[in-house]
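protein-v1.cif follows; it contains mmCIF, C-alpha atoms.
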```
data_work
loop_
_atom_site.group_PDB
_atom_site.id
_atom_site.type_symbol
_atom_site.label_atom_id
_atom_site.label_comp_id
_atom_site.auth_asym_id
_atom_site.auth_seq_id
_atom_site.Cartn_x
_atom_site.Cartn_y
_atom_site.Cartn_z
ATOM 1 C CA MET G 472 103.160 -13.832 44.798
ATOM 2 C CA GLU G 473 102.272 -15.945 47.842
ATOM 3 C CA ALA G 474 98.583 -15.101 47.478
ATOM 4 C CA GLU G 475 98.655 -16.151 43.822
ATOM 5 C CA VAL G 476 100.366 -19.468 44.584
ATOM 6 C CA VAL G 477 97.952 -20.225 47.441
ATOM 7 C CA ALA G 478 94.986 -19.347 45.205
ATOM 8 C CA ALA G 479 96.304 -21.628 42.441
ATOM 9 C CA ALA G 480 96.826 -24.514 44.885
ATOM 10 C CA SER G 481 93.355 -23.971 46.359
ATOM 11 C CA SER G 482 91.884 -24.072 42.882
ATOM 12 C CA LEU G 483 93.741 -27.285 42.008
ATOM 13 C CA THR G 484 92.465 -28.992 45.155
ATOM 14 C CA HIS G 485 88.943 -27.576 44.790
ATOM 15 C CA LEU G 486 88.956 -25.704 48.092
ATOM 16 C CA VAL G 487 86.029 -23.305 48.218
ATOM 17 C CA ASP G 488 87.397 -20.887 50.798
ATOM 18 C CA GLY G 489 90.987 -22.092 50.643
ATOM 19 C CA GLY G 490 93.683 -20.472 52.666
ATOM 20 C CA GLY G 491 97.293 -21.187 53.161
ATOM 21 C CA THR G 492 100.823 -19.976 53.285
ATOM 22 C CA MET G 493 104.209 -20.705 51.792
ATOM 23 C CA SER G 494 107.322 -21.766 53.645
ATOM 24 C CA SER G 495 110.972 -21.869 52.748
ATOM 25 C CA GLY G 496 112.091 -25.394 53.480
ATOM 26 C CA GLY G 497 111.552 -28.909 54.708
ATOM 27 C CA THR G 498 111.760 -28.543 58.472
ATOM 28 C CA GLU G 499 109.728 -25.342 58.492
ATOM 29 C CA SER G 500 107.115 -26.847 56.178
ATOM 30 C CA ILE G 501 106.830 -29.972 58.313
ATOM 31 C CA PHE G 502 106.574 -27.935 61.515
ATOM 32 C CA LEU G 503 103.786 -25.820 60.000
ATOM 33 C CA ALA G 504 101.908 -28.922 58.795
ATOM 34 C CA VAL G 505 102.032 -30.525 62.259
ATOM 35 C CA HIS G 506 101.020 -27.239 63.894
ATOM 36 C CA THR G 507 98.082 -26.835 61.509
ATOM 37 C CA ALA G 508 96.945 -30.420 62.096
ATOM 38 C CA ARG G 509 97.227 -29.963 65.872
ATOM 39 C CA GLU G 510 95.155 -26.786 65.782
ATOM 40 C CA TRP G 511 92.552 -28.394 63.502
ATOM 41 C CA GLY G 512 92.339 -31.318 65.932
ATOM 42 C CA ARG G 513 91.914 -29.014 68.897
ATOM 43 C CA ALA G 514 89.094 -27.234 67.068
ATOM 44 C CA GLN G 515 87.465 -30.667 66.683
ATOM 45 C CA GLY G 516 87.828 -31.384 70.422
ATOM 46 C CA VAL G 517 90.985 -33.518 70.295
ATOM 47 C CA ASP G 518 92.882 -32.713 73.495
ATOM 48 C CA HIS G 519 95.902 -34.952 72.846
ATOM 49 C CA PRO G 520 96.448 -35.125 69.070
ATOM 50 C CA ALA G 521 98.605 -37.721 67.343
ATOM 51 C CA ILE G 522 100.144 -38.082 63.910
ATOM 52 C CA VAL G 523 100.939 -41.323 62.110
ATOM 53 C CA THR G 524 104.178 -41.656 60.137
ATOM 54 C CA ALA G 525 106.306 -44.438 58.749
ATOM 55 C CA ARG G 526 109.530 -45.080 60.665
ATOM 56 C CA THR G 527 111.312 -43.669 57.611
ATOM 57 C CA ALA G 528 109.609 -40.256 57.823
ATOM 58 C CA HIS G 529 111.789 -37.157 57.996
ATOM 59 C CA PRO G 530 113.091 -36.549 61.544
ATOM 60 C CA ALA G 531 111.563 -33.058 61.488
ATOM 61 C CA PHE G 532 108.213 -34.744 62.235
ATOM 62 C CA ALA G 533 109.615 -36.000 65.555
ATOM 63 C CA LYS G 534 111.042 -32.549 66.258
ATOM 64 C CA ALA G 535 107.731 -30.828 65.525
ATOM 65 C CA CYS G 536 105.826 -33.331 67.669
ATOM 66 C CA HIS G 537 108.235 -32.796 70.547
ATOM 67 C CA TYR G 538 107.922 -29.015 70.487
ATOM 68 C CA LEU G 539 104.174 -28.965 69.795
ATOM 69 C CA GLY G 540 103.120 -31.648 72.279
ATOM 70 C CA VAL G 541 101.808 -34.039 69.629
ATOM 71 C CA GLU G 542 102.194 -37.822 69.825
ATOM 72 C CA GLN G 543 104.034 -39.369 66.888
ATOM 73 C CA ARG G 544 103.027 -42.940 66.085
ATOM 74 C CA ARG G 545 105.756 -44.556 63.966
ATOM 75 C CA VAL G 546 104.614 -47.429 61.757
ATOM 76 C CA ASP G 547 107.012 -50.115 60.558
ATOM 77 C CA VAL G 548 107.965 -50.469 56.914
ATOM 78 C CA GLY G 549 108.510 -53.582 54.835
ATOM 79 C CA ALA G 550 111.750 -54.856 53.326
ATOM 80 C CA ASP G 551 111.047 -52.597 50.340
ATOM 81 C CA LEU G 552 110.924 -49.595 52.746
ATOM 82 C CA ARG G 553 107.257 -48.989 51.954
ATOM 83 C CA ALA G 554 104.852 -48.255 54.774
ATOM 84 C CA ASP G 555 102.474 -51.037 55.698
ATOM 85 C CA PRO G 556 98.908 -49.813 54.952
ATOM 86 C CA ALA G 557 97.386 -52.227 57.487
ATOM 87 C CA ALA G 558 99.742 -50.970 60.202
ATOM 88 C CA PHE G 559 98.802 -47.397 59.296
ATOM 89 C CA ALA G 560 95.117 -48.264 59.589
ATOM 90 C CA ASP G 561 95.726 -49.881 62.988
ATOM 91 C CA ALA G 562 97.472 -46.702 64.226
ATOM 92 C CA VAL G 563 94.561 -44.435 63.318
ATOM 93 C CA ASP G 564 91.961 -43.546 65.937
ATOM 94 C CA ASP G 565 89.938 -40.507 66.980
ATOM 95 C CA ARG G 566 93.101 -38.694 68.114
ATOM 96 C CA ALA G 567 94.906 -38.993 64.760
ATOM 97 C CA VAL G 568 94.964 -35.568 63.119
ATOM 98 C CA LEU G 569 97.567 -36.172 60.392
ATOM 99 C CA LEU G 570 98.692 -39.152 58.310
ATOM 100 C CA VAL G 571 102.122 -38.647 56.767
ATOM 101 C CA ALA G 572 103.111 -40.251 53.480
ATOM 102 C CA SER G 573 106.168 -39.447 51.427
ATOM 103 C CA ALA G 574 108.128 -40.826 48.525
ATOM 104 C CA PRO G 575 110.924 -41.628 48.565
ATOM 105 C CA CYS G 576 111.551 -42.486 52.183
ATOM 106 C CA TYR G 577 113.879 -40.232 54.128
ATOM 107 C CA ARG G 578 116.163 -43.016 55.354
ATOM 108 C CA SER G 579 116.302 -46.769 55.546
ATOM 109 C CA ALA G 580 114.554 -48.605 58.378
#
```
What would the structure in this file look like if it were written as structure tokens?
Amino acid sequence: MEAEVVAAASSLTHLVDGGGTMSSGGTESIFLAVHTAREWGRAQGVDHPAIVTARTAHPAFAKACHYLGVEQRRVDVGADLRADPAAFADAVDDRAVLLVASAPCYRSA
């Protein structure tokens, strides 16, 4: 079943040689996403990878960054709790391996 779901997702996103896996929940899924981004960054020569999240991102991102040795750059949100696109852009550099966006926000600022 996992292979079929991964193949369907790869097809939907037009991945030629898509690969992937399934996970059982939020924290595990987030941990795997940060791990994958870190490993992709390392393969690109990024020694000290970073991710960019809104301050309202799920706390599992901070947990994953702590355990995986990845810097988390938290970007402020506006009064409407939406991430500031300009602040996101300012936080991105050659070390950024993952940009995190979610809706709705996990918690208020």
The PyMOL selection byres ((chain G and resi 528) around 9) applied to the shown file, residues as a compact mmCIF listing (two decimals) with C-alpha atoms, in the coordinates of the input:
```
# COMPACT_ATOMS: atom_id res chain seq x y z
CA THR G 524 104.18 -41.66 60.14
CA ALA G 525 106.31 -44.44 58.75
CA ARG G 526 109.53 -45.08 60.66
CA THR G 527 111.31 -43.67 57.61
CA HIS G 529 111.79 -37.16 58.00
CA PRO G 530 113.09 -36.55 61.54
CA ALA G 531 111.56 -33.06 61.49
CA PHE G 532 108.21 -34.74 62.24
CA ALA G 533 109.62 -36.00 65.56
CA ARG G 545 105.76 -44.56 63.97
CA VAL G 571 102.12 -38.65 56.77
CA ALA G 572 103.11 -40.25 53.48
CA SER G 573 106.17 -39.45 51.43
CA CYS G 576 111.55 -42.49 52.18
CA TYR G 577 113.88 -40.23 54.13
CA ARG G 578 116.16 -43.02 55.35
```
* Could you check how far atom CA of G:Glu499 sits from atom CA of G:Lys534, in Å to one decimal? =>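 These two atoms are separated by 10.7 Å.
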* Compile the contact shell of G:Asp564 as a PyMOL selection string: residues with an atom at most 12 Å away, counting all atoms listed in the file, same-chain residues fewer than 3 positions apart removed. => chain G and resi 517+519-523+544+559-561+567-570
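Going from atom CA of G:Val541 over to atom CA of G:Arg509, you cover 7.2 Å.
Using all atoms listed in the file, the protein and nucleic acid residues lying no more than 10 Å from stretch 482-493 of chain G, apart from those fewer than 4 places from it along its own chain, are Met472, Glu473, Ala474, Val476, Val477, Ala478, Glu499, Ser500 and Leu503 of chain G.
Of note, atom CA of G:Ala574 and atom CA of G:Gln515 are spaced 29.3 Å apart.
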* List the residues selected by the PyMOL selection byres ((chain G and resi 548-551) around 8) in the file shown, writing them as a VMD selection string. => chain G and resid 525 to 527 546 to 547 552 to 555 580
Limited to C-alpha atoms, could you put the picked residues into a file as a PDB file, keeping the file's coordinate frame?
```
ATOM      1  CA  ALA G 525     106.306 -44.438  58.749  1.00  0.00           C
ATOM      2  CA  ARG G 526     109.530 -45.080  60.665  1.00  0.00           C
ATOM      3  CA  THR G 527     111.312 -43.669  57.611  1.00  0.00           C
ATOM      4  CA  VAL G 546     104.614 -47.429  61.757  1.00  0.00           C
ATOM      5  CA  ASP G 547     107.012 -50.115  60.558  1.00  0.00           C
ATOM      6  CA  LEU G 552     110.924 -49.595  52.746  1.00  0.00           C
ATOM      7  CA  ARG G 553     107.257 -48.989  51.954  1.00  0.00           C
ATOM      8  CA  ALA G 554     104.852 -48.255  54.774  1.00  0.00           C
ATOM      9  CA  ASP G 555     102.474 -51.037  55.698  1.00  0.00           C
ATOM     10  CA  ALA G 580     114.554 -48.605  58.378  1.00  0.00           C
TER      11      ALA G 580
END
```
Reconstructed stretch 535-561 of chain G, atom set N, CA and C atoms, as a PDB file, in the coordinates of the input:
```pdb
ATOM      1  N   ALA G 535     108.968 -31.615  65.424  1.00  0.00           N
ATOM      2  CA  ALA G 535     107.731 -30.828  65.525  1.00  0.00           C
ATOM      3  C   ALA G 535     106.818 -31.395  66.605  1.00  0.00           C
ATOM      4  N   CYS G 536     106.682 -32.712  66.653  1.00  0.00           N
ATOM      5  CA  CYS G 536     105.826 -33.331  67.669  1.00  0.00           C
ATOM      6  C   CYS G 536     106.347 -33.027  69.068  1.00  0.00           C
ATOM      7  N   HIS G 537     107.641 -33.087  69.240  1.00  0.00           N
ATOM      8  CA  HIS G 537     108.235 -32.796  70.547  1.00  0.00           C
ATOM      9  C   HIS G 537     107.897 -31.372  70.985  1.00  0.00           C
ATOM     10  N   TYR G 538     108.140 -30.412  70.124  1.00  0.00           N
ATOM     11  CA  TYR G 538     107.922 -29.015  70.487  1.00  0.00           C
ATOM     12  C   TYR G 538     106.445 -28.636  70.591  1.00  0.00           C
ATOM     13  N   LEU G 539     105.595 -29.324  69.833  1.00  0.00           N
ATOM     14  CA  LEU G 539     104.174 -28.965  69.795  1.00  0.00           C
ATOM     15  C   LEU G 539     103.303 -29.842  70.693  1.00  0.00           C
ATOM     16  N   GLY G 540     103.896 -30.806  71.383  1.00  0.00           N
ATOM     17  CA  GLY G 540     103.120 -31.648  72.279  1.00  0.00           C
ATOM     18  C   GLY G 540     102.167 -32.585  71.561  1.00  0.00           C
ATOM     19  N   VAL G 541     102.615 -33.120  70.433  1.00  0.00           N
ATOM     20  CA  VAL G 541     101.808 -34.039  69.629  1.00  0.00           C
ATOM     21  C   VAL G 541     102.461 -35.422  69.685  1.00  0.00           C
ATOM     22  N   GLU G 542     101.662 -36.453  69.837  1.00  0.00           N
ATOM     23  CA  GLU G 542     102.194 -37.822  69.825  1.00  0.00           C
ATOM     24  C   GLU G 542     102.517 -38.229  68.399  1.00  0.00           C
ATOM     25  N   GLN G 543     103.695 -38.808  68.192  1.00  0.00           N
ATOM     26  CA  GLN G 543     104.034 -39.369  66.888  1.00  0.00           C
ATOM     27  C   GLN G 543     103.965 -40.884  66.981  1.00  0.00           C
ATOM     28  N   ARG G 544     103.135 -41.485  66.152  1.00  0.00           N
ATOM     29  CA  ARG G 544     103.027 -42.940  66.085  1.00  0.00           C
ATOM     30  C   ARG G 544     103.795 -43.398  64.851  1.00  0.00           C
ATOM     31  N   ARG G 545     104.904 -44.091  65.073  1.00  0.00           N
ATOM     32  CA  ARG G 545     105.756 -44.556  63.966  1.00  0.00           C
ATOM     33  C   ARG G 545     105.357 -45.968  63.578  1.00  0.00           C
ATOM     34  N   VAL G 546     105.060 -46.144  62.296  1.00  0.00           N
ATOM     35  CA  VAL G 546     104.614 -47.429  61.757  1.00  0.00           C
ATOM     36  C   VAL G 546     105.785 -48.084  61.030  1.00  0.00           C
ATOM     37  N   ASP G 547     105.940 -49.378  61.219  1.00  0.00           N
ATOM     38  CA  ASP G 547     107.012 -50.115  60.558  1.00  0.00           C
ATOM     39  C   ASP G 547     106.850 -50.109  59.047  1.00  0.00           C
ATOM     40  N   VAL G 548     107.955 -50.354  58.373  1.00  0.00           N
ATOM     41  CA  VAL G 548     107.965 -50.469  56.914  1.00  0.00           C
ATOM     42  C   VAL G 548     108.404 -51.880  56.541  1.00  0.00           C
ATOM     43  N   GLY G 549     108.099 -52.271  55.322  1.00  0.00           N
ATOM     44  CA  GLY G 549     108.510 -53.582  54.835  1.00  0.00           C
ATOM     45  C   GLY G 549     109.942 -53.581  54.338  1.00  0.00           C
ATOM     46  N   ALA G 550     110.389 -54.713  53.846  1.00  0.00           N
ATOM     47  CA  ALA G 550     111.750 -54.856  53.326  1.00  0.00           C
ATOM     48  C   ALA G 550     111.998 -53.901  52.159  1.00  0.00           C
ATOM     49  N   ASP G 551     110.931 -53.531  51.466  1.00  0.00           N
ATOM     50  CA  ASP G 551     111.047 -52.597  50.340  1.00  0.00           C
ATOM     51  C   ASP G 551     110.994 -51.137  50.798  1.00  0.00           C
ATOM     52  N   LEU G 552     110.969 -50.919  52.114  1.00  0.00           N
ATOM     53  CA  LEU G 552     110.924 -49.595  52.746  1.00  0.00           C
ATOM     54  C   LEU G 552     109.602 -48.862  52.521  1.00  0.00           C
ATOM     55  N   ARG G 553     108.593 -49.588  52.101  1.00  0.00           N
ATOM     56  CA  ARG G 553     107.257 -48.989  51.954  1.00  0.00           C
ATOM     57  C   ARG G 553     106.472 -49.181  53.245  1.00  0.00           C
ATOM     58  N   ALA G 554     105.690 -48.166  53.581  1.00  0.00           N
ATOM     59  CA  ALA G 554     104.852 -48.255  54.774  1.00  0.00           C
ATOM     60  C   ALA G 554     103.807 -49.350  54.602  1.00  0.00           C
ATOM     61  N   ASP G 555     103.472 -49.972  55.682  1.00  0.00           N
ATOM     62  CA  ASP G 555     102.474 -51.037  55.698  1.00  0.00           C
ATOM     63  C   ASP G 555     101.091 -50.408  55.876  1.00  0.00           C
ATOM     64  N   PRO G 556     100.234 -50.440  54.846  1.00  0.00           N
ATOM     65  CA  PRO G 556      98.908 -49.813  54.952  1.00  0.00           C
ATOM     66  C   PRO G 556      98.070 -50.357  56.105  1.00  0.00           C
ATOM     67  N   ALA G 557      98.164 -51.656  56.383  1.00  0.00           N
ATOM     68  CA  ALA G 557      97.386 -52.227  57.487  1.00  0.00           C
ATOM     69  C   ALA G 557      97.881 -51.688  58.831  1.00  0.00           C
ATOM     70  N   ALA G 558      99.187 -51.529  58.965  1.00  0.00           N
ATOM     71  CA  ALA G 558      99.742 -50.970  60.202  1.00  0.00           C
ATOM     72  C   ALA G 558      99.323 -49.509  60.364  1.00  0.00           C
ATOM     73  N   PHE G 559      99.287 -48.780  59.247  1.00  0.00           N
ATOM     74  CA  PHE G 559      98.802 -47.397  59.296  1.00  0.00           C
ATOM     75  C   PHE G 559      97.368 -47.375  59.787  1.00  0.00           C
ATOM     76  N   ALA G 560      96.526 -48.221  59.209  1.00  0.00           N
ATOM     77  CA  ALA G 560      95.117 -48.264  59.589  1.00  0.00           C
ATOM     78  C   ALA G 560      94.965 -48.599  61.075  1.00  0.00           C
ATOM     79  N   ASP G 561      95.791 -49.507  61.572  1.00  0.00           N
ATOM     80  CA  ASP G 561      95.726 -49.881  62.988  1.00  0.00           C
ATOM     81  C   ASP G 561      96.128 -48.725  63.905  1.00  0.00           C
TER      82      ASP G 561
END
```
